[in-house]
Amino acid sequence: MADARVGNGPEAATGPAGSGPTGSGTAGERPLEERLAEAGLRLEVDGAVATVTLNRPERRNAMTFATWRGLAAIGRSLPDGVRVVVLRGAGPSFSAGIDLSMFSGDGGEGFADGSDAEATDRFIAELQEGYTWLRRPDIVTVAAVHGHAIGGGFQLALACDIRVAADDVKFCMKEPALGLVPDLTGTKPLVEIVGIGRALELCLTARTVLAEEAARLGIAEIVVPRDGLDAAVDGLVASLLAVNPGAAVATKRLLWEAAENTLEQQCAAERREQIGRLRDLFGK
Ligand code: ACO
């Protein structure tokens, strides 16, 4: 999906190295905060915890190209001390996925027809950057999901390390029903979590997965009543922050490598990471 007619979303929102999440950026550039607000995003950083809120509740947090560029900009501008990133949605839903007005061009940016494959490839890669940073080993990412998590919204939850879901959650991979494929990095984690057969069934029927099934399939690690979501996320974040920071980074790196590695490679990776930990803990 894509259009090379790039709009004025926060695609240039990186700012110079070292500029904070609300950094002033270069001269004449509007603050990131402001540009994120236009893209329907809010970023709050409180010490080691950053909270990213999808903030277009009147549109059920439907996402535009600007939203995905904004997410990428957040990833690039996170302060060094951030260890946990929480993603949540304002209003009744986590996210209703892509803003359907983009199909008609009403949202300002429309779709290319794919005739320029290279440009379209680059463009989708840029949008995917909004999701890929969530796997970085130096942070743990938590999706707090309630209500609908459809299409790009479902994929955003899948891009996070841990999903905490409210019991009103409704996951749906809607793209094939719209003639598209899920292209916001969601196919790999979905297959890894539920297996190829279930992933096919979910995607090719575009059916909705409710909370009980999401817990059973491992799509959500934790399911809580809707009114307990914030407390559950706060508790999880506190537990994540209680762990030694260096061990957390090394362990996340190790666990993400595990699926790709042979046993031999993984054993070597464990030794390598442990040597680093031992040096850090006991080195003189
Ligand atoms: N894009 C743009 N606007 C949206 C979207 C969307 N994806 N989803 C909801 N909205 C808007 C509605 O048009 C409505 O606007 P209005 O108040 O001006 O009429 C408002 O948000 C509220 O939506 P409702 O449908 O009234 O809310 P409800 O709670 O009844 O339903 C639901 C929510 C199920 C999410 C429904 O809105 C829906 O099915 N949306 C479309 C989902 C979709 O197909 N997304 C694309 C997935 S594929 C991908 O992400 C690549």
# chains A, B, ... in the order shown; residues from 1 in each chain; ligands from 1
>>> residues_near_ligand(ligand="ligand 1", cutoff="10 Å", atoms="only C-alpha atoms and all ligand atoms", output="ChimeraX atom specification")
/A:1,56-64,91-103,107,147-156,170,172-184,206
>>> select_by_dssp(residues="stretch 1-238 of chain A", states="helix (DSSP H, G or I)", output="count of residues only")
99
>>> closest_residue(among="A:Val140, A:Asp116, A:Glu213, A:Ala165", to="A:Gly228", atoms="only C-alpha atoms")
A:Ala165
>>> select_by_dssp(residues="stretch 183-265 of chain A", states="strand (DSSP E or B)", output="list in words")
Thr208, Val209, Leu210, Ile222, Val223 and Val224 of chain A
>>> atom_distance(atom1="atom CA of A:Leu217", atom2="atom CA of A:Leu202")
11.3 Å
>>> decode(residues="stretch 51-83 of chain A", atoms="N, CA and C atoms", output="mmCIF file, in the first residue's frame")
data_model
loop_
_atom_site.group_PDB
_atom_site.id
_atom_site.type_symbol
_atom_site.label_atom_id
_atom_site.label_comp_id
_atom_site.auth_asym_id
_atom_site.auth_seq_id
_atom_site.Cartn_x
_atom_site.Cartn_y
_atom_site.Cartn_z
ATOM 1 N N THR A 51 4.806 6.685 27.089
ATOM 2 C CA THR A 51 3.467 6.228 26.708
ATOM 3 C C THR A 51 3.084 6.886 25.392
ATOM 4 N N VAL A 52 2.758 6.050 24.426
ATOM 5 C CA VAL A 52 2.317 6.535 23.121
ATOM 6 C C VAL A 52 0.820 6.268 23.029
ATOM 7 N N THR A 53 0.067 7.331 22.835
ATOM 8 C CA THR A 53 -1.386 7.172 22.736
ATOM 9 C C THR A 53 -1.846 7.463 21.315
ATOM 10 N N LEU A 54 -2.563 6.497 20.747
ATOM 11 C CA LEU A 54 -3.231 6.740 19.465
ATOM 12 C C LEU A 54 -4.430 7.618 19.807
ATOM 13 N N ASN A 55 -4.457 8.793 19.254
ATOM 14 C CA ASN A 55 -5.347 9.800 19.824
ATOM 15 C C ASN A 55 -6.267 10.448 18.790
ATOM 16 N N ARG A 56 -7.016 9.618 18.108
ATOM 17 C CA ARG A 56 -8.103 10.122 17.243
ATOM 18 C C ARG A 56 -9.377 9.360 17.623
ATOM 19 N N PRO A 57 -9.799 9.484 18.867
ATOM 20 C CA PRO A 57 -10.915 8.640 19.313
ATOM 21 C C PRO A 57 -12.165 8.806 18.468
ATOM 22 N N GLU A 58 -12.372 10.017 17.924
ATOM 23 C CA GLU A 58 -13.582 10.247 17.115
ATOM 24 C C GLU A 58 -13.542 9.450 15.819
ATOM 25 N N ARG A 59 -12.380 8.964 15.448
ATOM 26 C CA ARG A 59 -12.221 8.097 14.265
ATOM 27 C C ARG A 59 -11.756 6.703 14.690
ATOM 28 N N ARG A 60 -11.989 6.393 15.942
ATOM 29 C CA ARG A 60 -11.586 5.084 16.495
ATOM 30 C C ARG A 60 -10.094 4.841 16.262
ATOM 31 N N ASN A 61 -9.332 5.934 16.344
ATOM 32 C CA ASN A 61 -7.867 5.881 16.192
ATOM 33 C C ASN A 61 -7.443 5.258 14.855
ATOM 34 N N ALA A 62 -8.235 5.554 13.835
ATOM 35 C CA ALA A 62 -7.854 5.133 12.481
ATOM 36 C C ALA A 62 -6.518 5.793 12.132
ATOM 37 N N MET A 63 -5.702 5.056 11.386
ATOM 38 C CA MET A 63 -4.318 5.483 11.150
ATOM 39 C C MET A 63 -4.099 5.929 9.706
ATOM 40 N N THR A 64 -3.339 6.986 9.573
ATOM 41 C CA THR A 64 -2.976 7.500 8.249
ATOM 42 C C THR A 64 -1.476 7.291 8.027
ATOM 43 N N PHE A 65 -1.020 7.644 6.855
ATOM 44 C CA PHE A 65 0.423 7.574 6.614
ATOM 45 C C PHE A 65 1.164 8.427 7.652
ATOM 46 N N ALA A 66 0.550 9.569 7.997
ATOM 47 C CA ALA A 66 1.183 10.455 8.988
ATOM 48 C C ALA A 66 1.312 9.753 10.343
ATOM 49 N N THR A 67 0.330 8.931 10.685
ATOM 50 C CA THR A 67 0.401 8.206 11.964
ATOM 51 C C THR A 67 1.627 7.299 11.969
ATOM 52 N N TRP A 68 1.813 6.582 10.877
ATOM 53 C CA TRP A 68 2.923 5.615 10.835
ATOM 54 C C TRP A 68 4.274 6.330 10.802
ATOM 55 N N ARG A 69 4.312 7.447 10.089
ATOM 56 C CA ARG A 69 5.562 8.227 10.114
ATOM 57 C C ARG A 69 5.794 8.798 11.506
ATOM 58 N N GLY A 70 4.718 9.192 12.145
ATOM 59 C CA GLY A 70 4.838 9.724 13.504
ATOM 60 C C GLY A 70 5.356 8.674 14.466
ATOM 61 N N LEU A 71 4.862 7.458 14.330
ATOM 62 C CA LEU A 71 5.367 6.373 15.188
ATOM 63 C C LEU A 71 6.865 6.170 14.958
ATOM 64 N N ALA A 72 7.274 6.205 13.691
ATOM 65 C CA ALA A 72 8.710 6.046 13.391
ATOM 66 C C ALA A 72 9.510 7.180 14.021
ATOM 67 N N ALA A 73 8.965 8.391 13.948
ATOM 68 C CA ALA A 73 9.663 9.548 14.529
ATOM 69 C C ALA A 73 9.799 9.391 16.036
ATOM 70 N N ILE A 74 8.764 8.851 16.679
ATOM 71 C CA ILE A 74 8.842 8.617 18.127
ATOM 72 C C ILE A 74 9.979 7.636 18.417
ATOM 73 N N GLY A 75 10.039 6.574 17.639
ATOM 74 C CA GLY A 75 11.104 5.577 17.848
ATOM 75 C C GLY A 75 12.483 6.203 17.735
ATOM 76 N N ARG A 76 12.633 7.117 16.793
ATOM 77 C CA ARG A 76 13.950 7.732 16.583
ATOM 78 C C ARG A 76 14.293 8.754 17.662
ATOM 79 N N SER A 77 13.286 9.278 18.330
ATOM 80 C CA SER A 77 13.561 10.397 19.243
ATOM 81 C C SER A 77 13.422 10.022 20.715
ATOM 82 N N LEU A 78 13.236 8.750 20.999
ATOM 83 C CA LEU A 78 13.083 8.353 22.411
ATOM 84 C C LEU A 78 14.332 8.707 23.209
ATOM 85 N N PRO A 79 14.170 9.308 24.372
ATOM 86 C CA PRO A 79 15.346 9.586 25.204
ATOM 87 C C PRO A 79 16.020 8.286 25.636
ATOM 88 N N ASP A 80 17.325 8.369 25.856
ATOM 89 C CA ASP A 80 18.116 7.177 26.203
ATOM 90 C C ASP A 80 17.601 6.428 27.421
ATOM 91 N N GLY A 81 17.096 7.152 28.397
ATOM 92 C CA GLY A 81 16.715 6.506 29.662
ATOM 93 C C GLY A 81 15.419 5.715 29.596
ATOM 94 N N VAL A 82 14.712 5.772 28.473
ATOM 95 C CA VAL A 82 13.428 5.060 28.398
ATOM 96 C C VAL A 82 13.668 3.559 28.302
ATOM 97 N N ARG A 83 13.020 2.813 29.173
ATOM 98 C CA ARG A 83 13.174 1.351 29.179
ATOM 99 C C ARG A 83 11.889 0.631 28.761
#
